[in-house]
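Below is one structure, written out as structure tokens; the observations come after it.
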Amino acid sequence: KLQQNTLEDLELNEWTKGQIKFKSASLSEVINTLERRFDVVIDIKTETYPTYKISGDFTSDSIEQVLQSLGFLYNITYDKINEKHIQITVK
């Protein structure tokens, strides 16, 4: 199913400046974006998958900084298994 959306002009090239924006995104959408942006694999450790929506603007060259912010806002912790593998825990 195709859906047409409009983008604000200022948002068109923000990814080229290292900016990541989420607007009412699911946790799976956020994880997919972070995996692509930082070339990592992220596993989720949780008993029940959260249904909340995540919004925020992140400007960072470090996935750790983004995950720390998400942890503060959404009660998510992470463990860096190695350079390409991260495990997050949702409480």
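By order of appearance in the structure tokens: chains A, B, ..., then residues from 1 within every chain, and ligands from 1 in the order shown.
Counting only C-alpha atoms, Thr77 in chain A has the following residues at most 7 Å away, ignoring those fewer than 6 positions along the same chain: Gly71, Ile88, Thr89 and Val90 of chain A.
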Store the residues picked out above, limited to N, CA, C and O atoms, as a short mmCIF file (atom, residue, chain, number, x, y, z; two decimals), in the first residue's frame.
data_model
loop_
_atom_site.label_atom_id
_atom_site.label_comp_id
_atom_site.auth_asym_id
_atom_site.auth_seq_id
_atom_site.Cartn_x
_atom_site.Cartn_y
_atom_site.Cartn_z
N GLY A 71 17.40 5.92 26.83
CA GLY A 71 17.33 5.29 28.14
C GLY A 71 16.76 6.22 29.19
O GLY A 71 15.93 5.82 30.02
N ILE A 88 19.56 -4.18 23.75
CA ILE A 88 18.84 -3.24 24.60
C ILE A 88 17.81 -4.01 25.42
O ILE A 88 17.28 -5.04 25.00
N THR A 89 17.57 -3.49 26.61
CA THR A 89 16.58 -4.06 27.51
C THR A 89 15.54 -2.99 27.80
O THR A 89 15.89 -1.86 28.17
N VAL A 90 14.30 -3.36 27.62
CA VAL A 90 13.20 -2.45 27.89
C VAL A 90 12.58 -2.86 29.22
O VAL A 90 12.21 -4.01 29.40
#
Would you list, as a CSV table (one decimal) with N, CA, C and O atoms, in the first residue's frame, the residues of chain A that end up in helix (DSSP H, G or I) under DSSP run on this structure's backbone?
chain,number,residue,atom,x,y,z
A,9,ASP,N,10.5,21.3,4.3
A,9,ASP,CA,11.7,21.5,3.6
A,9,ASP,C,13.0,21.3,4.5
A,9,ASP,O,14.0,20.8,4.0
A,10,LEU,N,12.9,21.8,5.7
A,10,LEU,CA,14.1,21.7,6.6
A,10,LEU,C,14.4,20.3,7.0
A,10,LEU,O,15.6,20.0,7.4
A,11,GLU,N,13.5,19.3,6.8
A,11,GLU,CA,13.8,18.0,7.2
A,11,GLU,C,14.4,17.1,6.1
A,11,GLU,O,14.8,16.0,6.3
A,14,GLU,N,18.4,16.6,6.7
A,14,GLU,CA,18.9,16.5,8.0
A,14,GLU,C,19.8,15.3,8.3
A,14,GLU,O,20.7,15.4,9.0
A,15,TRP,N,19.5,14.2,7.6
A,15,TRP,CA,20.3,13.0,7.8
A,15,TRP,C,21.8,13.3,7.3
A,15,TRP,O,22.7,12.7,7.9
A,16,THR,N,22.0,14.2,6.4
A,16,THR,CA,23.3,14.5,5.9
A,16,THR,C,24.1,15.2,6.9
A,16,THR,O,25.3,15.2,6.9
A,17,LYS,N,23.5,15.8,7.9
A,17,LYS,CA,24.1,16.6,9.0
A,17,LYS,C,24.3,15.7,10.2
A,17,LYS,O,24.7,16.2,11.3
A,27,LEU,N,9.2,1.5,18.6
A,27,LEU,CA,10.5,1.1,19.0
A,27,LEU,C,11.2,0.3,17.8
A,27,LEU,O,12.4,0.5,17.6
A,28,SER,N,10.5,-0.5,17.1
A,28,SER,CA,11.1,-1.2,16.0
A,28,SER,C,11.5,-0.3,14.9
A,28,SER,O,12.6,-0.5,14.2
A,29,GLU,N,10.8,0.8,14.6
A,29,GLU,CA,11.2,1.8,13.6
A,29,GLU,C,12.5,2.5,14.1
A,29,GLU,O,13.4,2.7,13.3
A,30,VAL,N,12.6,2.8,15.3
A,30,VAL,CA,13.8,3.5,15.9
A,30,VAL,C,15.0,2.5,15.8
A,30,VAL,O,16.0,2.9,15.3
A,31,ILE,N,14.8,1.3,16.1
A,31,ILE,CA,15.9,0.3,16.0
A,31,ILE,C,16.3,0.1,14.6
A,31,ILE,O,17.5,0.1,14.3
A,32,ASN,N,15.4,0.0,13.7
A,32,ASN,CA,15.8,-0.1,12.3
A,32,ASN,C,16.6,1.1,11.8
A,32,ASN,O,17.6,0.9,11.1
A,33,THR,N,16.2,2.3,12.2
A,33,THR,CA,16.9,3.5,11.8
A,33,THR,C,18.3,3.5,12.4
A,33,THR,O,19.3,3.8,11.7
A,34,LEU,N,18.4,3.2,13.7
A,34,LEU,CA,19.7,3.2,14.3
A,34,LEU,C,20.6,2.1,13.7
A,34,LEU,O,21.8,2.3,13.5
A,35,GLU,N,20.1,0.9,13.4
A,35,GLU,CA,20.9,-0.1,12.7
A,35,GLU,C,21.5,0.4,11.4
A,35,GLU,O,22.6,0.1,11.1
A,36,ARG,N,20.6,1.0,10.6
A,36,ARG,CA,21.1,1.5,9.3
A,36,ARG,C,22.1,2.6,9.5
A,36,ARG,O,23.1,2.7,8.8
A,37,ARG,N,21.8,3.6,10.4
A,37,ARG,CA,22.6,4.8,10.5
A,37,ARG,C,24.0,4.4,11.1
A,37,ARG,O,25.0,5.0,10.6
A,38,PHE,N,24.1,3.5,12.0
A,38,PHE,CA,25.3,3.2,12.7
A,38,PHE,C,25.9,1.8,12.3
A,38,PHE,O,27.0,1.4,12.8
A,63,ILE,N,26.3,6.2,18.6
A,63,ILE,CA,25.0,5.5,19.0
A,63,ILE,C,24.9,5.4,20.5
A,63,ILE,O,23.7,5.4,21.0
A,64,GLU,N,26.0,5.4,21.2
A,64,GLU,CA,25.9,5.4,22.7
A,64,GLU,C,25.1,6.6,23.2
A,64,GLU,O,24.3,6.5,24.1
A,65,GLN,N,25.4,7.8,22.6
A,65,GLN,CA,24.7,9.0,23.1
A,65,GLN,C,23.2,8.9,22.8
A,65,GLN,O,22.4,9.3,23.6
A,66,VAL,N,22.9,8.4,21.6
A,66,VAL,CA,21.5,8.3,21.3
A,66,VAL,C,20.8,7.3,22.2
A,66,VAL,O,19.7,7.6,22.8
A,67,LEU,N,21.4,6.2,22.5
A,67,LEU,CA,20.9,5.2,23.4
A,67,LEU,C,20.8,5.7,24.8
A,67,LEU,O,19.8,5.3,25.5
A,68,GLN,N,21.7,6.5,25.3
A,68,GLN,CA,21.6,7.1,26.6
A,68,GLN,C,20.4,8.0,26.7
A,68,GLN,O,19.7,8.0,27.7
A,69,SER,N,20.2,8.8,25.7
A,69,SER,CA,19.0,9.7,25.7
A,69,SER,C,17.7,8.9,25.7
A,69,SER,O,16.8,9.2,26.4
A,70,LEU,N,17.7,7.8,24.9
A,70,LEU,CA,16.5,7.0,24.9
A,70,LEU,C,16.3,6.3,26.2
A,70,LEU,O,15.2,6.1,26.7
A,71,GLY,N,17.4,5.9,26.8
A,71,GLY,CA,17.3,5.3,28.1
A,71,GLY,C,16.8,6.2,29.2
A,71,GLY,O,15.9,5.8,30.0
A,72,PHE,N,17.2,7.5,29.1
A,72,PHE,CA,16.7,8.5,30.1
A,72,PHE,C,15.2,8.7,29.9
A,72,PHE,O,14.4,8.8,30.8
A,73,LEU,N,14.8,8.8,28.6
A,73,LEU,CA,13.4,9.2,28.3
A,73,LEU,C,12.4,8.0,28.4
A,73,LEU,O,11.3,8.2,28.8
A,74,TYR,N,12.9,6.8,28.0
A,74,TYR,CA,12.0,5.7,27.8
A,74,TYR,C,12.4,4.4,28.7
A,74,TYR,O,11.8,3.4,28.4
- strand (DSSP E) per DSSP on the backbone: members of chain A, as a ChimeraX atom specification: /A:19-25,41-45,54-59,76-82,85-90
- Find the residues near Ala25 in chain A: any atom within 10 Å, counting only C-alpha atoms, skip ones fewer than 4 places away on the same chain, and give them as a PyMOL selection string. chain A and resi 21+29-31+51-56
Could you write out that same residue set with C-alpha atoms as a compact mmCIF listing (two decimals), in the first residue's frame?
# COMPACT_ATOMS: atom_id res chain seq x y z
CA LYS A 21 14.44 12.63 13.96
CA GLU A 29 11.21 1.79 13.62
CA VAL A 30 13.76 3.45 15.89
CA ILE A 31 15.87 0.29 16.04
CA THR A 51 3.68 0.02 22.37
CA TYR A 52 4.63 3.61 23.19
CA LYS A 53 5.63 6.03 20.45
CA ILE A 54 9.06 7.67 20.43
CA SER A 55 9.65 11.26 19.39
CA GLY A 56 12.88 13.20 19.49
